[in-house]
Each structure stands twice: as structure tokens, then as C-alpha cells.
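Data file: my_file_34.csv. Format and content: CSV, C-alpha atoms.
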chain,number,residue,atom,x,y,z
A,1,MET,CA,0.0,0.0,0.0
A,2,LYS,CA,1.4,3.4,-1.0
A,3,LYS,CA,2.3,5.6,2.0
A,4,GLN,CA,0.5,8.9,2.2
A,5,SER,CA,2.7,12.0,1.9
A,6,GLN,CA,3.3,13.8,5.2
A,7,ASN,CA,2.4,17.1,3.4
A,8,SER,CA,-0.9,15.9,1.9
A,9,ASN,CA,-4.2,16.9,3.4
A,10,PRO,CA,-7.1,14.6,2.7
A,11,ASP,CA,-9.6,17.2,3.7
A,12,GLN,CA,-8.1,19.7,1.4
A,13,THR,CA,-8.0,17.2,-1.5
A,14,GLU,CA,-11.6,16.3,-0.9
A,15,SER,CA,-12.5,20.0,-0.8
A,16,MET,CA,-10.8,20.6,-4.1
A,17,ALA,CA,-12.5,17.6,-5.7
A,18,LYS,CA,-15.9,19.2,-4.8
A,19,MET,CA,-14.9,22.6,-6.0
A,20,PRO,CA,-16.4,23.9,-9.2
A,21,ALA,CA,-14.0,23.7,-12.1
A,22,HIS,CA,-14.1,27.4,-12.7
A,23,GLU,CA,-12.9,28.1,-9.2
A,24,MET,CA,-10.2,25.4,-9.2
A,25,PHE,CA,-8.6,27.0,-12.2
A,26,MET,CA,-9.5,30.6,-11.6
A,27,THR,CA,-5.8,31.5,-11.6
A,28,ASP,CA,-5.4,30.2,-15.1
A,29,LYS,CA,-4.4,33.7,-16.3
A,30,SER,CA,-1.2,34.9,-17.9
A,31,THR,CA,-0.7,38.2,-16.0
A,32,PHE,CA,-0.8,39.2,-12.4
A,33,SER,CA,-3.1,42.1,-13.2
A,34,GLU,CA,-5.7,39.6,-14.5
A,35,MET,CA,-5.3,37.4,-11.4
A,36,LEU,CA,-5.7,40.4,-9.1
A,37,ARG,CA,-9.1,41.2,-10.6
A,38,LEU,CA,-10.3,37.7,-9.5
A,39,ASP,CA,-9.4,38.3,-5.9
A,40,ALA,CA,-12.3,40.4,-4.9
A,41,LYS,CA,-12.4,39.2,-1.3
A,42,PHE,CA,-8.8,40.0,-0.6
A,43,ARG,CA,-9.1,43.3,-2.4
A,44,ARG,CA,-11.7,44.3,0.2
A,45,ILE,CA,-9.7,42.8,3.2
A,46,LEU,CA,-6.4,44.3,2.2
A,47,LYS,CA,-7.6,47.7,1.0
A,48,LEU,CA,-5.2,47.7,-1.9
A,49,PRO,CA,-4.7,51.0,-3.8
A,50,HIS,CA,-7.5,52.0,-6.2
A,51,TRP,CA,-5.3,52.3,-9.3
A,52,LEU,CA,-4.9,48.5,-9.3
A,53,PHE,CA,-8.7,48.2,-9.8
A,54,PRO,CA,-10.1,51.3,-11.6
A,55,ASP,CA,-13.9,51.4,-11.8
A,56,ILE,CA,-13.7,53.3,-15.1
A,57,ARG,CA,-10.8,54.0,-17.5
A,58,HIS,CA,-10.0,57.7,-17.9
A,59,ARG,CA,-8.6,58.3,-21.4
A,60,LYS,CA,-6.3,61.3,-21.2
A,61,ASP,CA,-4.8,63.6,-23.8
A,62,GLN,CA,-1.4,62.2,-24.6
A,63,ALA,CA,0.1,65.7,-24.2
A,64,SER,CA,-1.0,65.7,-20.5
A,65,LEU,CA,0.7,62.4,-19.6
A,66,SER,CA,3.4,62.4,-17.0
A,67,ALA,CA,6.8,60.8,-17.7
A,68,MET,CA,5.7,57.8,-15.6
A,69,GLU,CA,2.4,57.5,-17.5
A,70,GLN,CA,4.3,57.6,-20.8
A,71,GLU,CA,6.7,54.9,-19.6
A,72,ARG,CA,3.9,52.7,-18.3
A,73,PHE,CA,2.0,52.9,-21.6
A,74,LEU,CA,5.1,52.1,-23.7
A,75,CYS,CA,6.0,49.2,-21.4
A,76,ALA,CA,2.5,47.7,-21.7
A,77,PHE,CA,2.6,48.3,-25.5
A,78,ASN,CA,5.9,46.5,-25.8
A,79,MET,CA,4.6,43.6,-23.7
A,80,ILE,CA,1.6,43.0,-25.8
A,81,ASN,CA,3.8,43.2,-28.9
A,82,ALA,CA,6.1,40.6,-27.4
A,83,ASN,CA,3.3,38.2,-26.4
A,84,GLY,CA,1.7,38.4,-29.9
A,85,THR,CA,-1.5,40.3,-28.9
A,86,LEU,CA,-0.6,43.4,-30.9
A,87,GLY,CA,0.2,41.3,-34.0
A,88,THR,CA,-3.2,39.6,-33.8
A,89,LEU,CA,-4.9,43.1,-33.6
A,90,VAL,CA,-2.9,44.3,-36.6
A,91,LYS,CA,-4.0,41.2,-38.6
A,92,ILE,CA,-7.7,41.8,-37.6
A,93,HIS,CA,-7.4,45.3,-39.0
A,94,SER,CA,-6.1,43.9,-42.3
A,95,GLU,CA,-9.1,41.7,-42.7
A,96,PRO,CA,-12.3,42.7,-44.6
A,97,HIS,CA,-14.6,43.6,-41.7
A,98,GLN,CA,-16.3,46.4,-43.7
A,99,MET,CA,-15.0,48.9,-41.2
A,100,HIS,CA,-13.9,51.7,-43.6
A,101,HIS,CA,-16.2,54.0,-45.6
A,102,THR,CA,-19.3,52.3,-44.3
A,103,LEU,CA,-21.7,53.1,-41.4
A,104,ARG,CA,-19.7,50.6,-39.3
A,105,PHE,CA,-16.6,52.8,-39.2
A,106,LEU,CA,-17.2,54.5,-35.9
A,107,PRO,CA,-18.8,51.6,-33.9
A,108,TRP,CA,-16.4,49.0,-35.2
A,109,HIS,CA,-13.3,51.0,-34.3
A,110,ARG,CA,-14.8,51.8,-30.8
A,111,VAL,CA,-14.9,48.0,-30.2
A,112,PHE,CA,-11.4,47.6,-31.7
A,113,LEU,CA,-10.0,50.3,-29.4
A,114,LEU,CA,-11.5,48.6,-26.4
A,115,ALA,CA,-9.9,45.3,-27.3
A,116,MET,CA,-6.5,47.0,-27.4
A,117,GLU,CA,-7.2,48.8,-24.1
A,118,ASP,CA,-8.2,45.4,-22.5
A,119,ALA,CA,-4.9,44.0,-23.6
A,120,LEU,CA,-2.9,46.9,-22.2
A,121,ASN,CA,-4.9,46.6,-18.9
A,122,ALA,CA,-4.0,43.0,-18.6
A,123,ILE,CA,-0.4,44.1,-18.2
A,124,HIS,CA,-0.8,47.5,-16.4
A,125,PRO,CA,-4.3,48.1,-15.0
A,126,ASP,CA,-3.6,51.8,-14.7
A,127,VAL,CA,-2.8,52.2,-18.4
A,128,CYS,CA,-5.6,53.6,-20.7
A,129,LEU,CA,-5.5,54.6,-24.3
A,130,PRO,CA,-4.4,58.2,-24.6
A,131,TYR,CA,-5.8,60.4,-27.4
A,132,TRP,CA,-3.9,62.6,-29.7
A,133,ASN,CA,-5.9,65.8,-29.9
A,134,TRP,CA,-4.7,67.2,-33.2
A,135,THR,CA,-7.6,69.7,-33.1
A,136,ASN,CA,-5.6,71.5,-30.4
A,137,ALA,CA,-3.0,73.8,-32.0
A,138,PRO,CA,-0.1,72.9,-29.6
A,139,GLU,CA,-0.6,69.2,-30.6
A,140,GLN,CA,-0.5,69.8,-34.4
A,141,THR,CA,2.8,68.0,-34.7
A,142,PHE,CA,3.9,64.5,-34.1
A,143,PRO,CA,4.2,63.7,-30.4
A,144,ALA,CA,7.9,64.0,-29.5
A,145,TRP,CA,7.8,61.2,-26.9
A,146,LEU,CA,6.7,58.8,-29.6
A,147,SER,CA,9.0,59.9,-32.4
A,148,GLY,CA,11.6,57.2,-31.6
A,149,VAL,CA,9.1,54.5,-31.0
A,150,LEU,CA,9.3,52.4,-34.2
A,151,PRO,CA,8.3,48.8,-33.3
A,152,THR,CA,8.6,45.7,-35.3
A,153,VAL,CA,5.4,43.7,-35.0
A,154,ILE,CA,5.1,40.1,-35.9
A,155,THR,CA,1.5,39.2,-37.0
A,156,PRO,CA,0.2,35.7,-37.8
A,157,THR,CA,0.9,36.3,-41.5
A,158,THR,CA,3.7,38.9,-41.8
A,159,THR,CA,6.2,41.1,-40.0
A,160,VAL,CA,5.6,44.9,-39.9
A,161,SER,CA,8.4,47.3,-39.3
A,162,VAL,CA,7.0,50.7,-38.5
A,163,PHE,CA,8.1,53.7,-40.5
A,164,ARG,CA,6.7,57.2,-40.7
A,165,SER,CA,7.4,60.6,-42.3
A,166,PRO,CA,5.1,63.3,-40.8
A,167,GLN,CA,4.1,66.3,-42.9
A,168,SER,CA,4.3,69.9,-41.6
A,169,PRO,CA,2.4,71.2,-38.6
A,170,ALA,CA,0.7,73.8,-40.9
A,171,ASN,CA,-0.7,71.0,-43.1
A,172,LEU,CA,-2.0,69.1,-40.0
A,173,ALA,CA,-3.6,72.3,-38.8
A,174,SER,CA,-5.4,72.6,-42.2
A,175,ILE,CA,-6.8,69.1,-41.8
A,176,ALA,CA,-7.9,69.7,-38.2
A,177,ALA,CA,-9.7,73.0,-39.3
A,178,ALA,CA,-12.4,70.8,-40.9
A,179,ALA,CA,-13.4,69.2,-37.5
A,180,PRO,CA,-16.0,71.9,-36.6
A,181,THR,CA,-17.8,71.3,-39.9
A,182,ALA,CA,-17.9,67.6,-39.2
A,183,LEU,CA,-19.2,68.2,-35.7
A,184,SER,CA,-22.0,70.5,-37.0
A,185,GLN,CA,-23.6,67.8,-39.1
A,186,THR,CA,-27.1,66.8,-38.1
A,187,THR,CA,-27.4,63.3,-39.6
A,188,PHE,CA,-25.3,60.3,-38.7
A,189,ASN,CA,-24.5,59.5,-42.3
A,190,ASN,CA,-23.1,63.0,-43.0
A,191,PHE,CA,-21.2,63.1,-39.7
A,192,THR,CA,-19.5,59.8,-40.1
A,193,GLY,CA,-18.6,60.5,-43.7
A,194,ALA,CA,-17.1,63.9,-42.8
A,195,LEU,CA,-15.2,62.6,-39.8
A,196,GLU,CA,-13.8,59.6,-41.7
A,197,ALA,CA,-12.4,61.9,-44.4
A,198,ILE,CA,-10.6,63.8,-41.7
A,199,HIS,CA,-9.4,60.5,-40.2
A,200,ASP,CA,-8.1,59.4,-43.6
A,201,SER,CA,-6.2,62.7,-44.0
A,202,VAL,CA,-4.4,62.4,-40.7
A,203,HIS,CA,-3.3,58.8,-41.6
A,204,VAL,CA,-1.8,60.2,-44.8
A,205,TRP,CA,-0.2,63.2,-42.9
A,206,VAL,CA,1.7,60.7,-40.6
A,207,GLY,CA,2.7,58.7,-43.6
A,208,GLY,CA,4.6,55.4,-43.8
A,209,SER,CA,3.0,52.5,-42.0
A,210,MET,CA,0.0,54.7,-41.0
A,211,GLY,CA,-0.8,55.1,-44.6
A,212,VAL,CA,-1.6,51.5,-45.2
A,213,ILE,CA,-4.7,49.8,-43.6
A,214,SER,CA,-2.9,46.5,-43.1
A,215,THR,CA,0.0,48.0,-41.2
A,216,ALA,CA,-1.3,51.1,-39.5
A,217,PRO,CA,-2.2,49.5,-36.0
A,218,ALA,CA,1.5,48.5,-35.6
A,219,ASP,CA,2.3,52.2,-34.9
A,220,PRO,CA,1.3,53.3,-31.4
A,221,ILE,CA,0.1,56.7,-32.9
A,222,PHE,CA,-2.7,54.7,-34.7
A,223,TRP,CA,-4.4,54.0,-31.3
A,224,MET,CA,-4.1,57.6,-30.1
A,225,HIS,CA,-5.4,59.0,-33.4
A,226,HIS,CA,-8.4,56.6,-33.3
A,227,ALA,CA,-9.0,57.4,-29.7
A,228,ASN,CA,-9.3,61.1,-30.8
A,229,ILE,CA,-11.7,60.1,-33.6
A,230,ASP,CA,-13.7,58.2,-31.0
A,231,ARG,CA,-13.6,61.2,-28.6
A,232,LEU,CA,-15.0,63.5,-31.4
A,233,TRP,CA,-17.8,61.0,-32.0
A,234,TRP,CA,-18.5,61.0,-28.3
A,235,GLN,CA,-18.5,64.8,-28.3
A,236,TRP,CA,-20.9,64.8,-31.2
A,237,GLN,CA,-23.2,62.2,-29.5
A,238,ASN,CA,-23.5,64.6,-26.6
A,239,SER,CA,-24.1,67.7,-28.6
A,240,PRO,CA,-27.4,69.1,-29.9
A,241,ALA,CA,-26.4,68.1,-33.4
A,242,GLY,CA,-25.9,64.4,-32.7
A,243,THR,CA,-28.1,63.6,-29.6
A,244,GLY,CA,-29.9,60.3,-30.2
A,245,LEU,CA,-28.5,59.8,-33.7
A,246,ASN,CA,-27.0,56.3,-34.2
A,247,PRO,CA,-25.7,54.2,-37.1
A,248,PRO,CA,-28.7,52.8,-39.0
A,249,LEU,CA,-27.4,49.2,-38.9
A,250,SER,CA,-29.3,46.0,-38.7
A,251,GLY,CA,-28.8,42.3,-39.1
A,252,SER,CA,-25.3,41.1,-39.6
A,253,ALA,CA,-24.1,44.6,-40.3
A,254,ALA,CA,-24.9,45.5,-36.7
A,255,VAL,CA,-22.5,42.8,-35.4
A,256,MET,CA,-18.9,44.2,-35.0
A,257,ASP,CA,-17.2,41.1,-36.2
A,258,PRO,CA,-14.9,39.4,-35.4
A,259,TYR,CA,-16.3,40.6,-32.0
A,260,ALA,CA,-19.7,39.7,-30.8
A,261,THR,CA,-20.6,43.3,-29.7
A,262,LEU,CA,-23.7,44.8,-31.3
A,263,GLU,CA,-23.8,48.3,-32.6
A,264,ALA,CA,-26.3,49.2,-29.8
A,265,GLY,CA,-23.7,48.2,-27.3
A,266,THR,CA,-21.3,50.9,-28.5
A,267,ARG,CA,-23.6,53.9,-28.0
A,268,ASP,CA,-22.6,54.6,-24.3
A,269,ILE,CA,-18.9,54.8,-23.6
A,270,GLY,CA,-19.6,54.9,-19.8
A,271,ALA,CA,-21.4,51.5,-20.1
A,272,MET,CA,-18.3,50.3,-22.0
A,273,GLY,CA,-16.1,51.3,-19.0
A,274,TYR,CA,-14.3,54.4,-20.1
A,275,ASN,CA,-14.6,58.1,-20.5
A,276,TYR,CA,-12.5,61.0,-21.9
A,277,VAL,CA,-10.9,63.6,-19.6

Show me, as C-alpha cells, the structure contained in the file I just sent.
Amino acid sequence: MKKQSQNSNPDQTESMAKMPAHEMFMTDKSTFSEMLRLDAKFRRILKLPHWLFPDIRHRKDQASLSAMEQERFLCAFNMINANGTLGTLVKIHSEPHQMHHTLRFLPWHRVFLLAMEDALNAIHPDVCLPYWNWTNAPEQTFPAWLSGVLPTVITPTTTVSVFRSPQSPANLASIAAAAPTALSQTTFNNFTGALEAIHDSVHVWVGGSMGVISTAPADPIFWMHHANIDRLWWQWQNSPAGTGLNPPLSGSAAVMDPYATLEAGTRDIGAMGYNYV
């Protein structure tokens, strides 16, 4: 008969055998940030700092980030590049999900941004997607703290080396000058068309990898540019011009594939867990 180990505890073994599978393997996560979110009981007991478990994500203007916030963002960005998550997102954007020059443009990218933010949060729970507010005159140039960030991103199908060649501040200002006209539109169709034209122009202004749909998300500025597009949509949604106006989508067009989120689930950013500050 096999001798029982001195360290084994029959009661504990029996307890584990009766434990639901989802509880037995609740630590089957790849990051400590993810595991922390599961420990609700100990979070209450220990009174751990709030930044570890933010109730809502506050997306800030990239120009307002502290040196530490910049460093934390870039660290998380590098980590999700190293673990393959960024490469997967780049590949998704290269696929035909009908997310450009259709009524899906804004809601689809809102979901796409959230997928990126979830990935960053899995590394650093305090990191949110900053927005690059190129409508603000002091920001009508490429952000200096990102100028040397030129990652190489391995996707499931190719390798993307980021390059860029930004145009002049005056030319970015001339693009941004069209934003008030877009925000004054009183139908969703006109608004999304106008905003996407501005969006396309900024991609071209940055140049290089940002100028190609299949490579643009490899550049960190892609995410900050799109966060600003999303912020402008949110601003329009809360203005007299856009209140209550939503994309007229139905059926499969209302499903933001490859994600299961429906268009109706993208209308309230607070319900999605973030805001703009």
C-alpha cells in the first residue's frame, strides 16, 4: 500500500474535488493584473490601492501624460507586442470587416480600441489609451515622446516594421480645421462621412505604416489617433447636433465582427467602461 505523503491533506484534497472547475482554475491567467481582478475578497480585506482596480478607464490627452504614464504605456505596449496580442490586432485590421467607408466605421473602431485597451490593462491596470488631440494647436505636430518608437510587429501572417514621415504642422492644422464642420452635421451619415475623411487625412499626414490599412495599427500613434476620432464621436453624440443619432445598422451589419458586440452596445462609452478627460 502506498504511503500517504506527510504534506498531503485529505480534507483539502476532498474539498478541491468538490470545488467547481471554474474556481479550481481561476488563476489560469497569464498576468498578475488579471489574477488580481479575480481576488475580490482579498481586495476588500487588504484595501489595496485603487489604481490597481479602476472602476472606469479615464482616457487622457497624450500631451498631459506624466513621464511615468508615458513609460507605463510604452511598457505595456511592448509587452503585448512581445506576447503576440498586438500582432493579432494588426491582422484583424487587415481583414475585410467592412469597417472603412461604411456606417460601421465608428462603432467598429470603438470596439477595436476597447480590445486594445483590455490588452494593455492585462499588463498594467492603470494604463488607458491616450488620445492625440490634433484639433488642439499645440498638438498639431507628431508627439515628441513617440518619435523614436518604431516597433517591429510580428503578425500571424507577416512582419511589420513601423516607419513614418510626418508632414508639416501647418498641413495638419489645415486638416484639423475641418473638424468643426464635421461636428456641425445633423445626420449620422453626414457626420461619419465627414469625420472619416478627416481621419483618412491624418493617416496620410503621418505617412509610412500609418498610410496602409494592413500595417497602421502597428504604430502606437494609430491608437491615439483613433481614440481622438472616438472622442470626437462621443463629443458629437452629446451635442445638440448628434443627440440620439445612431448608425442605422441592422442584421449582420450591426455585429462588430470578429467581435460579438452589437452596434447598440457601442452607444454609451460609460457603459463600456471608459470616458474622456

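Between atom CA of A:Glu263 and atom CA of A:Pro107 the separation is 6.1 Å.
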
- To one decimal place, how far is atom CA of A:Ala176 from atom CA of A:Ile198 in Å?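 Result for atom CA of A:Ala176 versus atom CA of A:Ile198: 7.4 Å, one decimal.
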
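Restricting the calculation to all atoms listed in the file, the smallest distance between A:Val255 and any of A:Ile80, A:Leu89, A:Met35, A:Met99 is found for A:Met99.
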
inquiry  = I'd like the interatomic distance between atom CA of A:Ser214 and atom CA of A:Thr155, to a tenth of an Å.
reply    =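 Computing it gives 10.5 Å between the two atoms.
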
Exercise. Which polymer residues have any atom within 8 Å of an atom of stretch 144-154 of chain A, counting only C-alpha atoms, with same-chain residues fewer than 2 positions away left out, as a PyMOL selection string?
Worked result: chain A and resi 70+81+84+86-87+142+156-163+218-221

Neighbourhood query: residues within 9 Å of (-13.9, 70.1, -45.2), file coordinates, counting all atoms listed in the file; return as a PDB file with C-alpha atoms, keeping the file's coordinate frame.
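As written to disk, result.pdb reads:
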ATOM      1  CA  ILE A 175      -6.800  69.100 -41.800  1.00  0.00           C
ATOM      2  CA  ALA A 177      -9.700  73.000 -39.300  1.00  0.00           C
ATOM      3  CA  ALA A 178     -12.400  70.800 -40.900  1.00  0.00           C
ATOM      4  CA  ALA A 179     -13.400  69.200 -37.500  1.00  0.00           C
ATOM      5  CA  THR A 181     -17.800  71.300 -39.900  1.00  0.00           C
ATOM      6  CA  ALA A 182     -17.900  67.600 -39.200  1.00  0.00           C
ATOM      7  CA  ALA A 194     -17.100  63.900 -42.800  1.00  0.00           C
ATOM      8  CA  ALA A 197     -12.400  61.900 -44.400  1.00  0.00           C
ATOM      9  CA  ILE A 198     -10.600  63.800 -41.700  1.00  0.00           C
TER      10      ILE A 198
END

_I want to know what sits within 12 Å of stretch 199-203 of chain A, based on all atoms listed in the file, with residues of the same chain fewer than 3 positions away left out; could you give that as JSON, numbers by chain?_
{"A": [100, 101, 105, 106, 109, 132, 133, 134, 135, 140, 141, 142, 164, 165, 166, 167, 168, 169, 171, 172, 173, 174, 175, 176, 177, 178, 179, 182, 192, 193, 194, 195, 196, 206, 207, 208, 209, 210, 211, 212, 213, 215, 216, 217, 219, 221, 222, 223, 224, 225, 226, 227, 228, 229, 230, 232, 233]}

Counting only C-alpha atoms, closest pick from A:Gly273, A:Pro130, A:Pro143, A:Gly251 relative to A:Arg231 is A:Pro130

Item to complete: Neighbourhood query: residues within 12 Å of (-3.9, 59.7, -20.1), file coordinates, counting all atoms listed in the file; return as number ranges by chain.
Response: A: 57-73, 126-133, 224, 227, 274-277

Best match for closeness to A:Leu113 among A:Ile56, A:Ala82, A:Leu262, A:Val90, counting all atoms listed in the file: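 So, comparing all the options, the nearest one is A:Val90.
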